[in-house]
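Peer 1: Structure file coords-v6.txt (compact mmCIF, C-alpha atoms) right here:
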```txt
# COMPACT_ATOMS: atom_id res chain seq x y z
CA MET I 19 34.77 18.41 -5.14
CA SER I 20 32.01 19.21 -2.66
CA GLY I 21 34.01 18.64 0.52
CA ARG I 22 31.04 16.86 2.09
CA CYS I 23 30.83 13.33 3.46
CA ILE I 24 27.35 11.77 3.57
CA LEU I 25 26.62 8.36 5.10
CA HIS I 26 23.46 6.46 4.10
CA LEU I 27 22.53 3.48 6.30
CA ARG I 28 19.96 0.73 5.74
CA PHE I 29 19.30 -1.49 8.77
CA VAL I 30 17.98 -5.04 8.79
CA LEU I 31 15.16 -4.78 11.34
CA PRO I 32 13.69 -7.77 13.18
CA ALA I 33 10.27 -9.08 12.18
CA ASP I 34 8.60 -7.40 15.19
CA PRO I 35 10.76 -4.38 16.09
CA ASP I 36 10.46 -2.40 19.31
CA PRO I 37 8.35 0.75 18.70
CA GLU I 38 10.98 2.78 20.57
CA LEU I 39 13.84 1.45 18.45
CA PRO I 40 13.91 4.35 15.93
CA GLU I 41 14.29 6.96 18.67
CA ARG I 42 16.95 4.92 20.47
CA LEU I 43 18.76 4.44 17.19
CA ARG I 44 18.61 8.18 16.53
CA ARG I 45 20.26 8.91 19.88
CA LEU I 46 23.03 6.45 19.08
CA LEU I 47 23.70 8.05 15.69
CA GLU I 48 23.64 11.55 17.19
CA ASP I 49 26.63 10.52 19.31
CA PHE I 50 28.63 10.73 16.07
CA THR I 51 27.08 13.84 14.49
CA PRO I 52 24.10 16.09 15.27
CA ARG I 53 23.11 16.08 11.59
CA VAL I 54 21.06 12.86 11.52
CA GLN I 55 17.91 12.33 9.46
CA LEU I 56 15.78 9.21 9.85
CA ILE I 57 14.08 8.59 6.51
CA GLU I 58 12.06 5.63 7.74
CA PRO I 59 12.46 3.09 10.55
CA ASP I 60 15.15 1.16 8.70
CA MET I 61 17.04 4.02 6.99
CA ALA I 62 19.09 6.97 8.19
CA VAL I 63 21.31 9.63 6.62
CA LEU I 64 24.22 11.26 8.46
CA ASP I 65 26.35 14.24 7.47
CA LEU I 66 29.83 13.24 8.68
CA THR I 67 31.64 16.27 7.25
CA GLY I 68 32.31 17.89 10.63
CA ALA I 69 32.61 14.59 12.52
CA LEU I 70 35.65 13.25 10.63
CA PRO I 71 38.25 15.61 12.18
CA TYR I 72 36.67 15.20 15.64
CA TRP I 73 36.87 11.40 15.54
CA LYS I 74 40.25 11.50 13.76
CA ARG I 75 39.14 8.83 11.29
CA ASP I 76 38.54 8.69 7.57
CA ALA I 77 35.09 8.06 6.10
CA ARG I 78 35.51 4.29 5.93
CA GLY I 79 36.84 4.02 9.48
CA LEU I 80 34.05 6.12 10.99
CA THR I 81 31.41 4.19 9.02
CA GLU I 82 32.78 0.91 10.35
CA LEU I 83 32.53 2.30 13.90
CA VAL I 84 28.90 3.40 13.37
CA GLN I 85 27.94 -0.02 12.02
CA LEU I 86 29.79 -1.81 14.82
CA ARG I 87 27.98 0.15 17.55
CA ALA I 88 24.58 -0.41 15.96
CA LEU I 89 25.32 -4.12 15.90
CA ALA I 90 26.67 -4.19 19.46
CA PHE I 91 23.88 -2.13 21.10
CA PHE I 92 20.83 -3.22 19.11
CA GLY I 93 21.92 -6.31 17.17
CA LEU I 94 21.23 -4.52 13.87
CA ARG I 95 23.21 -5.37 10.78
CA SER I 96 23.36 -2.60 8.23
CA SER I 97 24.40 -1.68 4.70
CA ALA I 98 26.30 1.58 4.30
CA GLY I 99 27.04 3.92 1.42
CA VAL I 100 29.39 6.89 1.77
CA ALA I 101 29.69 9.59 -0.88
CA PRO I 102 30.09 13.36 -1.38
CA ASN I 103 26.30 13.85 -1.67
CA ARG I 104 23.04 12.20 -0.63
CA MET I 105 22.10 10.80 -4.03
CA LEU I 106 25.37 8.94 -4.52
CA ALA I 107 25.37 7.69 -0.91
CA ALA I 108 21.82 6.30 -1.31
CA MET I 109 22.68 4.58 -4.59
CA ALA I 110 25.83 3.06 -3.08
CA CYS I 111 23.89 1.83 -0.05
CA MET I 112 21.24 0.13 -2.20
CA LEU I 113 23.96 -1.87 -3.96
CA THR I 114 25.70 -2.94 -0.73
CA PRO I 115 24.80 -6.17 1.14
CA PRO I 116 24.23 -6.11 4.92
CA GLY I 117 27.40 -5.94 6.97
CA ARG I 118 29.35 -4.24 4.20
CA ARG I 119 30.04 -0.66 3.10
CA THR I 120 30.72 1.14 -0.18
CA VAL I 121 32.77 4.34 -0.11
CA ILE I 122 32.91 6.73 -3.07
CA ASP I 123 35.80 9.15 -2.79
CA ASP I 124 35.23 12.86 -3.26
CA SER I 125 36.88 13.07 -6.66
CA PRO I 126 35.49 13.36 -10.21
CA GLU I 127 37.26 10.14 -11.21
CA ALA I 128 35.70 8.08 -8.40
CA ILE I 129 32.22 9.51 -9.01
CA THR I 130 32.45 8.84 -12.74
CA ALA I 131 33.71 5.29 -12.22
CA PHE I 132 30.79 4.48 -9.92
CA LEU I 133 28.00 6.31 -11.72
CA ARG I 134 28.47 5.86 -15.46
CA PRO I 135 28.01 2.03 -15.62
CA ARG I 136 24.76 2.13 -13.62
CA LEU I 137 21.44 1.56 -15.39
CA VAL I 138 19.49 4.75 -15.93
CA ARG I 139 16.50 3.43 -13.95
CA GLU I 140 18.72 3.34 -10.84
CA LEU I 141 18.84 7.13 -10.74
CA PRO I 142 16.42 8.66 -8.21
CA GLY I 143 13.34 10.12 -9.85
CA VAL I 144 13.51 7.97 -13.00
CA GLY I 145 10.27 6.02 -13.19
CA ALA I 146 9.18 3.30 -15.57
CA LYS I 147 7.80 5.74 -18.15
CA ALA I 148 10.93 7.92 -18.22
CA ALA I 149 13.20 4.87 -18.35
CA ALA I 150 11.21 3.45 -21.29
CA THR I 151 11.47 6.76 -23.14
CA LEU I 152 15.22 6.97 -22.61
CA THR I 153 15.74 3.34 -23.60
CA GLU I 154 13.76 3.92 -26.78
CA TYR I 155 16.38 6.47 -27.79
CA GLY I 156 19.30 4.19 -26.89
CA LEU I 157 20.07 5.75 -23.49
CA HIS I 158 20.52 2.70 -21.31
CA SER I 159 23.18 3.71 -18.78
CA VAL I 160 23.81 6.80 -16.68
CA GLY I 161 26.89 7.45 -18.80
CA ASP I 162 24.74 7.53 -21.94
CA VAL I 163 22.48 10.14 -20.35
CA ALA I 164 25.41 12.22 -19.08
CA ASP I 165 26.79 12.45 -22.63
CA VAL I 166 23.53 13.84 -24.02
CA PRO I 167 23.06 17.65 -24.00
CA GLN I 168 20.64 18.92 -21.40
CA LEU I 169 18.40 20.50 -24.04
CA THR I 170 17.93 17.11 -25.67
CA LEU I 171 16.82 15.57 -22.38
CA GLN I 172 14.42 18.45 -21.85
CA ARG I 173 12.84 17.81 -25.24
CA LEU I 174 12.38 14.14 -24.33
CA LEU I 175 11.13 14.49 -20.76
CA GLY I 176 10.12 18.10 -20.28
CA ALA I 177 12.03 21.13 -19.02
CA ARG I 178 12.11 20.41 -15.29
CA ALA I 179 12.52 16.62 -15.49
CA GLY I 180 15.21 16.87 -18.17
CA ARG I 181 17.22 19.41 -16.19
CA ALA I 182 16.99 17.34 -12.98
CA LEU I 183 18.00 14.15 -14.82
CA HIS I 184 21.03 15.83 -16.38
CA GLU I 185 22.21 17.05 -12.96
CA ARG I 186 21.85 13.60 -11.41
CA ALA I 187 23.50 11.82 -14.32
CA CYS I 188 26.51 14.10 -13.79
CA GLY I 189 26.60 13.16 -10.10
CA ARG I 190 25.39 16.50 -8.75
CA ASP I 191 22.97 16.76 -5.82
CA THR I 192 22.57 19.66 -3.40
CA THR I 193 20.08 18.05 -1.00
CA ILE I 194 21.11 18.61 2.60
CA VAL I 195 20.70 16.37 5.63
CA ASP I 196 17.79 17.86 7.59
CA PRO I 197 17.92 16.83 11.26
CA ALA I 198 14.34 18.02 11.88
CA PRO I 199 12.09 15.17 13.03
CA THR I 200 10.20 13.54 10.20
CA PRO I 201 6.38 13.41 10.32
CA ALA I 202 4.95 10.44 12.17
CA SER I 203 4.63 7.28 10.12
CA VAL I 204 3.81 3.62 10.54
CA SER I 205 5.12 0.78 8.41
CA ALA I 206 4.62 -2.93 7.83
CA GLU I 207 6.88 -5.42 6.10
CA HIS I 208 6.26 -8.74 4.39
CA ARG I 209 9.22 -11.10 4.02
CA PHE I 210 8.78 -13.94 1.57
CA THR I 211 9.89 -17.40 2.63
CA ARG I 212 11.92 -17.49 -0.57
CA ASP I 213 12.86 -14.97 -3.24
CA GLU I 214 9.53 -14.51 -5.00
CA LEU I 215 9.26 -14.01 -8.77
CA ASP I 216 5.47 -14.28 -9.19
CA PRO I 217 3.72 -10.87 -9.47
CA ALA I 218 0.52 -12.45 -8.15
CA GLN I 219 2.31 -13.24 -4.88
CA HIS I 220 3.60 -9.68 -4.77
CA ARG I 221 0.03 -8.38 -5.03
CA ARG I 222 -1.19 -10.72 -2.30
CA ALA I 223 1.52 -9.33 -0.05
CA LEU I 224 0.50 -5.78 -0.93
CA ILE I 225 -3.15 -6.33 -0.03
CA ALA I 226 -2.11 -7.98 3.26
CA LEU I 227 0.14 -5.02 4.08
CA SER I 228 -2.65 -2.56 3.24
CA ASP I 229 -5.02 -4.44 5.52
CA GLN I 230 -2.44 -4.46 8.32
CA LEU I 231 -1.72 -0.73 7.99
CA GLY I 232 -5.41 0.13 7.84
CA ALA I 233 -6.11 -1.81 11.05
CA ARG I 234 -3.19 -0.16 12.86
CA LEU I 235 -4.29 3.30 11.75
CA ARG I 236 -7.87 2.75 12.90
CA ASP I 237 -6.73 1.33 16.24
CA SER I 238 -4.54 4.38 16.86
CA GLY I 239 -7.13 6.88 15.62
CA GLN I 240 -4.94 8.23 12.82
CA ILE I 241 -5.17 8.78 9.08
CA ALA I 242 -2.41 8.67 6.46
CA THR I 243 -1.65 11.44 3.99
CA GLY I 244 0.71 9.41 1.80
CA LEU I 245 2.14 5.96 1.13
CA THR I 246 5.66 4.74 0.40
CA CYS I 247 6.29 1.29 -1.05
CA THR I 248 9.79 -0.23 -1.02
CA ILE I 249 10.65 -3.39 -2.94
CA HIS I 250 13.78 -5.22 -1.73
CA CYS I 251 15.18 -7.62 -4.33
CA ALA I 252 17.40 -10.68 -4.01
CA ASP I 253 20.42 -8.84 -5.45
CA HIS I 254 20.28 -6.40 -2.48
CA SER I 255 18.91 -3.61 -4.66
CA SER I 256 15.81 -1.67 -3.64
CA THR I 257 13.17 0.31 -5.49
CA ARG I 258 11.09 2.90 -3.68
CA ARG I 259 8.16 5.00 -4.78
CA ALA I 260 6.03 7.42 -2.73
CA ARG I 261 2.61 8.83 -3.50
CA THR I 262 0.42 11.45 -1.86
CA LEU I 263 -3.12 10.19 -1.32
CA PRO I 264 -6.00 12.18 -2.88
CA GLU I 265 -7.54 12.31 0.60
CA ALA I 266 -6.09 11.37 3.97
CA THR I 267 -7.62 8.05 4.99
CA ASP I 268 -7.40 4.90 7.07
CA HIS I 269 -9.68 2.81 4.82
CA THR I 270 -8.11 -0.47 3.80
CA VAL I 271 -9.71 -0.41 0.34
CA LEU I 272 -8.39 3.07 -0.45
CA LEU I 273 -4.95 2.18 0.86
CA ALA I 274 -4.90 -0.98 -1.24
CA ARG I 275 -5.89 0.91 -4.40
CA ALA I 276 -3.11 3.43 -3.87
CA THR I 277 -0.63 0.64 -3.12
CA TYR I 278 -1.52 -1.17 -6.34
CA ALA I 279 -1.09 2.07 -8.28
CA ILE I 280 2.37 2.57 -6.78
CA TYR I 281 3.34 -1.01 -7.59
CA GLU I 282 2.18 -0.66 -11.20
CA SER I 283 4.05 2.64 -11.58
CA LEU I 284 7.32 0.95 -10.64
CA GLY I 285 7.21 -1.01 -13.90
CA LEU I 286 9.30 -3.81 -12.41
CA GLN I 287 10.95 -6.23 -14.77
CA PRO I 288 10.69 -9.88 -13.66
CA ALA I 289 12.73 -9.83 -10.45
CA ARG I 290 13.07 -12.00 -7.40
CA VAL I 291 11.65 -10.00 -4.53
CA ARG I 292 12.88 -10.72 -1.02
CA SER I 293 10.60 -8.40 0.95
CA ILE I 294 8.11 -5.55 0.53
CA THR I 295 7.73 -2.65 2.96
CA LEU I 296 4.67 -0.40 2.97
CA ARG I 297 4.71 2.82 4.98
CA ALA I 298 1.87 5.22 5.81
CA ASP I 299 3.32 8.74 5.87
CA ALA I 300 2.51 12.08 7.52
CA LEU I 301 -0.05 10.74 9.98
CA ARG I 302 -2.52 12.99 11.70
CA PRO I 303 -5.54 12.46 13.99
CA ASP I 304 -8.59 11.06 12.23
CA LYS I 305 -10.63 14.00 13.52
CA GLN I 306 -8.91 16.05 10.83
CA ALA I 307 -10.26 13.82 8.06
CA THR I 308 -12.29 15.60 5.43
CA HIS I 309 -14.85 12.78 5.41
CA SER I 310 -14.99 10.72 8.58
CA ARG I 311 -15.89 7.05 8.57
CA PRO I 312 -19.62 6.46 8.97
CA GLY I 313 -20.62 4.85 12.24
CA ARG I 314 -22.70 1.72 12.41
CA ARG I 315 -25.95 3.66 12.71
CA GLN I 316 -25.05 5.92 9.80
CA ALA I 317 -23.99 2.95 7.71
CA SER I 318 -27.25 1.18 8.52
CA ARG I 319 -29.23 4.24 7.46
CA ALA I 320 -27.24 4.49 4.27
CA ARG I 321 -27.95 0.84 3.47
CA SER I 322 -31.64 1.31 4.17
CA ARG I 323 -31.75 4.28 1.81
CA ARG I 324 -30.16 2.17 -0.90
CA ARG I 325 -32.53 -0.77 -0.31
CA PRO I 326 -35.16 -0.96 -3.11
CA ARG I 327 -38.74 -0.25 -2.04
CA PRO I 328 -41.19 -3.14 -2.45
CA SER I 329 -43.53 -2.83 -5.37
CA PRO I 330 -47.22 -1.95 -4.71
CA VAL I 331 -49.58 -4.84 -4.01
CA ARG I 332 -52.77 -5.18 -5.99
CA THR I 333 -55.59 -7.39 -4.80
CA GLN I 334 -58.11 -9.09 -7.01
CA ARG I 335 -60.78 -6.70 -5.74
CA ASP I 336 -58.63 -3.71 -6.64
CA LEU I 337 -58.08 -5.01 -10.13
CA SER I 338 -61.79 -5.62 -10.65
CA SER I 339 -62.89 -2.27 -9.24
CA GLY I 340 -60.15 -0.28 -10.87
CA SER I 341 -59.01 1.30 -7.56
CA ARG I 342 -55.41 2.24 -6.82
CA ALA I 343 -52.87 -0.24 -5.51
CA LEU I 344 -52.14 -0.66 -1.85
CA PRO I 345 -48.81 0.86 -0.81
CA ALA I 346 -46.12 -1.23 0.79
CA GLY I 347 -47.43 -0.62 4.32
CA GLY I 348 -50.85 -2.00 3.49
CA VAL I 349 -52.67 1.29 4.26
CA PRO I 350 -55.22 2.06 1.54
CA ALA I 351 -54.34 4.98 -0.60
CA LYS I 352 -56.77 7.86 -0.54
CA VAL I 353 -59.00 7.75 -3.58
CA PRO I 354 -59.83 11.15 -4.86
CA SER I 355 -63.56 11.86 -5.18
```
Show this structure as structure tokens.
Peer 2:
Amino acid sequence: MSGRCILHLRFVLPADPDPELPERLRRLLEDFTPRVQLIEPDMAVLDLTGALPYWKRDARGLTELVQLRALAFFGLRSSAGVAPNRMLAAMACMLTPPGRRTVIDDSPEAITAFLRPRLVRELPGVGAKAAATLTEYGLHSVGDVADVPQLTLQRLLGARAGRALHERACGRDTTIVDPAPTPASVSAEHRFTRDELDPAQHRRALIALSDQLGARLRDSGQIATGLTCTIHCADHSSTRRARTLPEATDHTVLLARATYAIYESLGLQPARVRSITLRADALRPDKQATHSRPGRRQASRARSRRRPRPSPVRTQRDLSSGSRALPAGGVPAKVPS
């Protein structure tokens, strides 16, 4: 038993949230514990270990109070997962519908009962390629992976990935809640009018989100260092994948390419998607960009350099006399004597 109590919250934000809402929400959560980490505008992690004796409540009772105050002050419904570590709390939260909470007791029996039936792709850090490799060897659930020796997993996935997967499959995670402010970010969300199964519609939403983020970055004079894409499905589960950009940018085309690559790396099975959130991470001023955007004059010069030169013009007199062709400007070329 770890003796810790971690609360993972996922809020249902309005379509056009107040830009100051995350900071106001942070102050509300810090009334319960100083160890609060905002992962993104709609997610927060709290370490309630020291707050439980102060509030004289158990984990479920204090979680209910946190959710009630968020609803009363800001009108935000939330899903909550409580567990002895961050990984388990996040997994529990992803499986919990808004307005509800899932509490995993700090005991080996409770952790095993929750974790072993889960699909292996639900473990953090298991991408489509790793899940396909494990499935090929008959490892479909977290329990299947936990029963395999660590050395076997390392042979399948590599030393570091195999060791990390074995630790997670056994329910172990030592990640702490870091209350330091997260780097500035900006996000956009697309909510489908109905649960959408068509991948083509998913891609249309992704390009629209990329365009929206690019415009907001350019308007604010910032560039993004990374992107995070979160897919929210109809069964209240979520899949998230982050990627560091090769070069910090605010170009819509480059953002869209990276977003498509993230989407493809998720390897989603046919699923009904309720909403997609795209977040630009670790923003910094565009003056720090390695290659700044060309201005209109520079772009015009670049286009003129790429424009093909007109071919030389030969007159009938030139052809008959055997003289050189006139250049594009019409000035006669100098004929050597």
Peer 1: Find the distance between atom CA of Val166 of chain I and atom CA of Met105 of chain I and write it in Å to one decimal.
Peer 2: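 These two atoms are separated by 20.3 Å.
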Peer 1: Check the smallest atom-to-atom distance from each of I:Gly68, I:Pro264, I:Gly189, I:Pro102 to Gly244 of chain I using only C-alpha atoms, then report the winner.
Peer 2: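 Selected residue with least distance to Gly244 of chain I: I:Pro264.
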Peer 1: Measure the distance from atom CA of Thr243 of chain I to atom CA of Asp299 of chain I in Å and round it to one decimal.
Peer 2: 6.0 Å
Peer 1: In Å, with one decimal, what is the gap from atom CA of Thr51 of chain I to atom CA of Pro115 of chain I?
Peer 2: 24.2 Å
Peer 1: Determine, counting all atoms listed in the file, which protein, DNA and RNA residues have an atom within 6 Å of an atom of segment 265-267 of chain I; residues of the same chain fewer than 2 positions away are not included. Present the result as a list in words.
Peer 2: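 Surrounding residues, per the criterion: Ile241, Ala242, Thr243, Leu263 and His269 of chain I.
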Peer 1: Given all atoms listed in the file, how would the per-residue table for segment 156-262 of chain I near segment 270-290 of chain I read, listing every residue at most 12 Å away with its closest atom pair and distance in Å to one decimal, sorted by chain and number, as a Markdown table?
Peer 2:
```
| residue | atom | partner | partner_atom | distance |
| --- | --- | --- | --- | --- |
| I:Phe210 | CA | I:Arg290 | CA | 10.1 |
| I:Thr211 | CA | I:Arg290 | CA | 11.8 |
| I:Arg212 | CA | I:Arg290 | CA | 8.8 |
| I:Asp213 | CA | I:Arg290 | CA | 5.1 |
| I:Glu214 | CA | I:Arg290 | CA | 5.0 |
| I:Leu215 | CA | I:Arg290 | CA | 4.5 |
| I:Asp216 | CA | I:Arg290 | CA | 8.1 |
| I:Pro217 | CA | I:Pro288 | CA | 8.2 |
| I:Ala218 | CA | I:Tyr278 | CA | 11.6 |
| I:Gln219 | CA | I:Arg290 | CA | 11.1 |
| I:His220 | CA | I:Tyr281 | CA | 9.1 |
| I:Arg221 | CA | I:Tyr278 | CA | 7.5 |
| I:Arg222 | CA | I:Tyr278 | CA | 10.4 |
| I:Ala223 | CA | I:Ala274 | CA | 10.6 |
| I:Leu224 | CA | I:Thr277 | CA | 6.9 |
| I:Ile225 | CA | I:Ala274 | CA | 5.8 |
| I:Ala226 | CA | I:Ala274 | CA | 8.8 |
| I:Leu227 | CA | I:Ala274 | CA | 8.4 |
| I:Ser228 | CA | I:Ala274 | CA | 5.3 |
| I:Asp229 | CA | I:Thr270 | CA | 5.3 |
| I:Gln230 | CA | I:Thr270 | CA | 8.3 |
| I:Leu231 | CA | I:Thr270 | CA | 7.6 |
| I:Gly232 | CA | I:Thr270 | CA | 4.9 |
| I:Ala233 | CA | I:Thr270 | CA | 7.6 |
| I:Arg234 | CA | I:Thr270 | CA | 10.3 |
| I:Leu235 | CA | I:Thr270 | CA | 9.6 |
| I:Arg236 | CA | I:Thr270 | CA | 9.7 |
| I:Ile241 | CA | I:Leu273 | CA | 10.5 |
| I:Ala242 | CA | I:Leu273 | CA | 8.9 |
| I:Thr243 | CA | I:Leu273 | CA | 10.3 |
| I:Gly244 | CA | I:Ala276 | CA | 9.1 |
| I:Leu245 | CA | I:Thr277 | CA | 7.4 |
| I:Thr246 | CA | I:Ile280 | CA | 8.2 |
| I:Cys247 | CA | I:Ile280 | CA | 7.1 |
| I:Thr248 | CA | I:Tyr281 | CA | 9.2 |
| I:Ile249 | CA | I:Tyr281 | CA | 9.0 |
| I:His250 | CA | I:Arg290 | CA | 8.9 |
| I:Cys251 | CA | I:Arg290 | CA | 5.7 |
| I:Ala252 | CA | I:Arg290 | CA | 5.7 |
| I:Asp253 | CA | I:Arg290 | CA | 8.2 |
| I:His254 | CA | I:Arg290 | CA | 10.4 |
| I:Ser255 | CA | I:Ala289 | CA | 10.5 |
| I:Ser256 | CA | I:Ala289 | CA | 11.1 |
| I:Thr257 | CA | I:Leu284 | CA | 7.8 |
| I:Arg258 | CA | I:Leu284 | CA | 8.2 |
| I:Arg259 | CA | I:Ile280 | CA | 6.6 |
| I:Ala260 | CA | I:Ile280 | CA | 7.3 |
| I:Arg261 | CA | I:Ile280 | CA | 7.1 |
| I:Thr262 | CA | I:Ala276 | CA | 9.0 |
```
Peer 1: So which one's closest to Pro52 of chain I, I:Ala149, I:Val138, I:Leu113, I:Ala198? Using all atoms listed in the file, please.
Peer 2: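 Selected residue with least distance to Pro52 of chain I: I:Ala198.
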Peer 1: Between I:Val163, I:Ala110, I:Ile24, I:Arg104, which is the closest to Thr81 of chain I once you count all atoms listed in the file?
Peer 2: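 Using all atoms listed in the file, the shortest distance to Thr81 of chain I belongs to I:Ile24.
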Peer 1: Could you produce a table of the residues of segment 22-122 of chain I lying within 10 Å of segment 140-147 of chain I, with the nearest pair of atoms per residue and their separation in Å rounded to one decimal, using all atoms listed in the file, ordered by chain and increasing residue number, as JSON lines?
Peer 2:
```
{"residue": "I:Met105", "atom": "CA", "partner": "I:Pro142", "partner_atom": "CA", "distance": 7.4}
{"residue": "I:Leu106", "atom": "CA", "partner": "I:Leu141", "partner_atom": "CA", "distance": 9.2}
{"residue": "I:Ala108", "atom": "CA", "partner": "I:Pro142", "partner_atom": "CA", "distance": 9.1}
{"residue": "I:Met109", "atom": "CA", "partner": "I:Glu140", "partner_atom": "CA", "distance": 7.5}
{"residue": "I:Met112", "atom": "CA", "partner": "I:Glu140", "partner_atom": "CA", "distance": 9.6}
```
Peer 1: Take the selection from the previous step and output its residues with C-alpha atoms, as an mmCIF file, keeping the file's coordinate frame.
Peer 2:
```cif
data_model
loop_
_atom_site.group_PDB
_atom_site.id
_atom_site.type_symbol
_atom_site.label_atom_id
_atom_site.label_comp_id
_atom_site.auth_asym_id
_atom_site.auth_seq_id
_atom_site.Cartn_x
_atom_site.Cartn_y
_atom_site.Cartn_z
ATOM 1 C CA MET I 105 22.100 10.800 -4.030
ATOM 2 C CA LEU I 106 25.370 8.940 -4.520
ATOM 3 C CA ALA I 108 21.820 6.300 -1.310
ATOM 4 C CA MET I 109 22.680 4.580 -4.590
ATOM 5 C CA MET I 112 21.240 0.130 -2.200
#
```
Peer 1: Residues at most 9 Å from Asp60 of chain I, counting only C-alpha atoms, excluding those fewer than 3 positions away in the same chain, as a PyMOL selection string?
Peer 2: chain I and resi 27-31+40+56-57
Peer 1: Which residue out of I:Leu39, I:Asp268, I:Pro116, I:Leu66 has the minimum interatomic distance to Asp237 of chain I when only C-alpha atoms are used?
Peer 2: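 Residue with the minimum atom-to-atom distance to Asp237 of chain I: I:Asp268.
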Peer 1: Looking at I:Leu133, I:Leu47, I:Pro59, I:Val54, which one is nearest to Leu83 of chain I, with distances taken over only C-alpha atoms?
Peer 2: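 Comparing I:Leu133, I:Leu47, I:Pro59, I:Val54 against Leu83 of chain I, the winner is I:Leu47.
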Peer 1: Measuring between all atoms listed in the file, which one of I:Ala69, I:Met61, I:Leu137, I:Ala148 shows the shortest distance to Arg22 of chain I?
Peer 2: I:Ala69
Peer 1: Is there a way to get, as a list in words, all residues within 10 Å of the point (24.2, 5.2, 18.4) in file coordinates, counting all atoms listed in the file?
Peer 2: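 Returned residue set, sorted by chain then number, is Arg42, Leu43, Arg44, Arg45, Leu46, Leu47, Glu48, Asp49, Phe50, Thr51, Leu83, Val84, Gln85, Leu86, Arg87, Ala88, Leu89, Ala90, Phe91 and Phe92 of chain I.
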Peer 1: Hey, what's within 12 Å of Asp162 of chain I if we count all atoms listed in the file and toss same-chain stuff fewer than 6 positions away? As a PyMOL selection string, please?
Peer 2: chain I and resi 133-138+152-153+155-156+171+183-184+187-188
Peer 1: Is it possible to get the residues within 12 Å of (6.5, -10.6, 14.5) (coordinates as in the file, counting all atoms listed in the file) written as a CSV table (one decimal) with C-alpha atoms, in the frame of the given file?
Peer 2:
```
chain,number,residue,atom,x,y,z
I,31,LEU,CA,15.2,-4.8,11.3
I,32,PRO,CA,13.7,-7.8,13.2
I,33,ALA,CA,10.3,-9.1,12.2
I,34,ASP,CA,8.6,-7.4,15.2
I,35,PRO,CA,10.8,-4.4,16.1
I,36,ASP,CA,10.5,-2.4,19.3
I,206,ALA,CA,4.6,-2.9,7.8
I,207,GLU,CA,6.9,-5.4,6.1
I,208,HIS,CA,6.3,-8.7,4.4
I,209,ARG,CA,9.2,-11.1,4.0
```
